[in-house]
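Asks: Provided below: model-v5.pdb, containing PDB, C-alpha atoms, pLDDT in the B column.
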ATOM      1  CA  MET M   1       9.389  67.059  40.012  1.00 88.00           C
ATOM      2  CA  PRO M   2      11.738  64.548  38.324  1.00 92.00           C
ATOM      3  CA  SER M   3      10.404  61.050  37.784  1.00 93.00           C
ATOM      4  CA  ILE M   4      11.516  57.664  36.600  1.00 94.00           C
ATOM      5  CA  ASN M   5       9.517  55.963  33.868  1.00 95.00           C
ATOM      6  CA  VAL M   6       9.044  52.344  34.899  1.00 96.00           C
ATOM      7  CA  VAL M   7       8.086  51.093  31.418  1.00 96.00           C
ATOM      8  CA  GLU M   8      11.119  52.742  29.776  1.00 96.00           C
ATOM      9  CA  ASN M   9      13.426  51.298  32.432  1.00 96.00           C
ATOM     10  CA  LEU M  10      11.986  47.804  32.024  1.00 97.00           C
ATOM     11  CA  ASP M  11      12.350  48.014  28.234  1.00 96.00           C
ATOM     12  CA  GLY M  12      15.910  49.332  28.457  1.00 96.00           C
ATOM     13  CA  LEU M  13      16.995  46.753  31.034  1.00 97.00           C
ATOM     14  CA  THR M  14      15.394  43.933  29.053  1.00 97.00           C
ATOM     15  CA  ASN M  15      17.209  45.057  25.901  1.00 96.00           C
ATOM     16  CA  ASN M  16      20.513  45.270  27.802  1.00 97.00           C
ATOM     17  CA  LEU M  17      20.033  41.784  29.228  1.00 97.00           C
ATOM     18  CA  ASN M  18      19.220  40.345  25.796  1.00 97.00           C
ATOM     19  CA  GLN M  19      22.333  41.970  24.318  1.00 96.00           C
ATOM     20  CA  ILE M  20      24.511  40.514  27.085  1.00 97.00           C
ATOM     21  CA  ARG M  21      22.985  37.066  26.545  1.00 97.00           C
ATOM     22  CA  GLN M  22      23.660  37.294  22.795  1.00 96.00           C
ATOM     23  CA  GLN M  23      27.263  38.401  23.414  1.00 96.00           C
ATOM     24  CA  THR M  24      27.697  35.516  25.847  1.00 97.00           C
ATOM     25  CA  ARG M  25      26.458  33.002  23.241  1.00 96.00           C
ATOM     26  CA  GLU M  26      28.787  34.480  20.618  1.00 95.00           C
ATOM     27  CA  ALA M  27      31.738  34.398  23.041  1.00 96.00           C
ATOM     28  CA  GLU M  28      30.981  30.771  23.896  1.00 96.00           C
ATOM     29  CA  VAL M  29      30.930  29.793  20.209  1.00 95.00           C
ATOM     30  CA  GLU M  30      34.241  31.599  19.675  1.00 95.00           C
ATOM     31  CA  SER M  31      35.784  29.897  22.712  1.00 95.00           C
ATOM     32  CA  PHE M  32      34.784  26.473  21.329  1.00 96.00           C
ATOM     33  CA  ARG M  33      36.307  27.377  17.954  1.00 94.00           C
ATOM     34  CA  ILE M  34      39.582  28.433  19.575  1.00 95.00           C
ATOM     35  CA  GLU M  35      39.575  25.358  21.799  1.00 96.00           C
ATOM     36  CA  GLY M  36      39.271  23.217  18.663  1.00 96.00           C
ATOM     37  CA  MET M  37      42.203  24.991  17.027  1.00 94.00           C
ATOM     38  CA  ILE M  38      44.295  24.473  20.162  1.00 96.00           C
ATOM     39  CA  ARG M  39      43.498  20.754  20.082  1.00 97.00           C
ATOM     40  CA  VAL M  40      44.525  20.499  16.422  1.00 96.00           C
ATOM     41  CA  PHE M  41      47.828  22.293  16.973  1.00 95.00           C
ATOM     42  CA  LYS M  42      48.495  20.327  20.174  1.00 97.00           C
ATOM     43  CA  SER M  43      47.933  17.087  18.249  1.00 97.00           C
ATOM     44  CA  LEU M  44      50.329  18.262  15.549  1.00 96.00           C
ATOM     45  CA  GLN M  45      52.909  19.087  18.218  1.00 96.00           C
ATOM     46  CA  ASP M  46      52.417  15.695  19.871  1.00 97.00           C
ATOM     47  CA  VAL M  47      53.318  13.895  16.631  1.00 97.00           C
ATOM     48  CA  GLY M  48      56.389  16.050  16.130  1.00 96.00           C
ATOM     49  CA  VAL M  49      55.215  18.683  13.658  1.00 95.00           C
ATOM     50  CA  THR M  50      56.977  21.981  14.340  1.00 94.00           C
ATOM     51  CA  GLU M  51      56.360  23.852  11.078  1.00 92.00           C
ATOM     52  CA  ILE M  52      53.618  23.669   8.460  1.00 90.00           C
ATOM     53  CA  PRO M  53      54.847  24.715   5.004  1.00 89.00           C
ATOM     54  CA  VAL M  54      52.488  27.033   3.147  1.00 85.00           C
ATOM     55  CA  PRO M  55      52.784  27.475  -0.634  1.00 87.00           C
ATOM     56  CA  GLU M  56      53.463  30.991  -1.937  1.00 87.00           C
ATOM     57  CA  GLY M  57      50.326  33.005  -2.551  1.00 84.00           C
ATOM     58  CA  VAL M  58      48.193  31.177   0.024  1.00 81.00           C
ATOM     59  CA  LYS M  59      46.579  33.613   2.428  1.00 80.00           C
ATOM     60  CA  THR M  60      47.363  32.891   6.087  1.00 76.00           C
ATOM     61  CA  LEU M  61      45.963  34.345   9.285  1.00 74.00           C
ATOM     62  CA  GLU M  62      47.599  37.428  10.690  1.00 73.00           C
ATOM     63  CA  PRO M  63      49.092  37.135  14.172  1.00 69.00           C
ATOM     64  CA  PRO M  64      46.665  38.317  16.877  1.00 68.00           C
ATOM     65  CA  ALA M  65      46.657  42.039  17.526  1.00 67.00           C
ATOM     66  CA  ASP M  66      47.950  43.254  20.863  1.00 68.00           C
ATOM     67  CA  GLU M  67      45.207  45.837  21.196  1.00 67.00           C
ATOM     68  CA  VAL M  68      41.656  45.154  22.342  1.00 63.00           C
ATOM     69  CA  ILE M  69      38.886  46.621  20.209  1.00 64.00           C
ATOM     70  CA  ASP M  70      35.785  47.487  22.233  1.00 67.00           C
ATOM     71  CA  ASP M  71      33.886  49.397  19.533  1.00 68.00           C
ATOM     72  CA  PRO M  72      31.470  47.005  17.746  1.00 66.00           C
ATOM     73  CA  ALA M  73      31.623  49.090  14.539  1.00 69.00           C
ATOM     74  CA  ALA M  74      35.423  48.826  14.496  1.00 65.00           C
ATOM     75  CA  ILE M  75      35.235  45.082  15.064  1.00 60.00           C
ATOM     76  CA  GLN M  76      32.839  44.730  12.139  1.00 60.00           C
ATOM     77  CA  GLU M  77      35.207  46.755   9.919  1.00 59.00           C
ATOM     78  CA  THR M  78      38.201  44.545  10.767  1.00 56.00           C
ATOM     79  CA  ALA M  79      36.363  41.211  10.535  1.00 56.00           C
ATOM     80  CA  PRO M  80      37.302  39.063   7.546  1.00 56.00           C
ATOM     81  CA  GLU M  81      34.609  38.676   4.936  1.00 57.00           C
ATOM     82  CA  SER M  82      33.035  35.234   4.584  1.00 48.00           C
TER
END
Go ahead and render the structure in this file as structure tokens.

Replies:
Amino acid sequence: MPSINVVENLDGLTNNLNQIRQQTREAEVESFRIEGMIRVFKSLQDVGVTEIPVPEGVKTLEPPADEVIDDPAAIQETAPES
């Protein structure tokens, strides 16, 4: 007769919940970072800045990708190194 292991289910569900909580914290930190960048650029726009000159050879951010990456391993591979 098939059965369901209560201990395994509790462990698995607890792990899933902890992962979701960690992802939520990381998403919140990222949203604050982006909100800060928006404020900076909005302030620049408010004082009339339309372009920021960047000297040759200075690395700039790439425009955001149109595709969504759901695979954590792929995200890690594409993340810039600190």

Asks: Between CA of Ser31 (chain M) and CA of Val54 (chain M), what is the distance, to one decimal in Å?

Replies: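 If I compute the distance from CA of Ser31 (chain M) to CA of Val54 (chain M), I get 25.9 Å.
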
Asks: Around region 52-58 of chain M, with edges along x, y and z and 4 Å added on all six sides, what centre and edge lengths do you get, in Å to one decimal, as lines of an AutoDock Vina configuration file?

Replies:
center_x = 51.5
center_y = 28.3
center_z = 3.0
size_x = 14.7
size_y = 17.3
size_z = 19.0

Asks: Give me, please, the distance in Å between CA of Glu35 (chain M) and CA of Leu61 (chain M), quoted to one decimal.

Replies: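 Value for the CA of Glu35 (chain M)-CA of Leu61 (chain M) distance: 16.7 Å.
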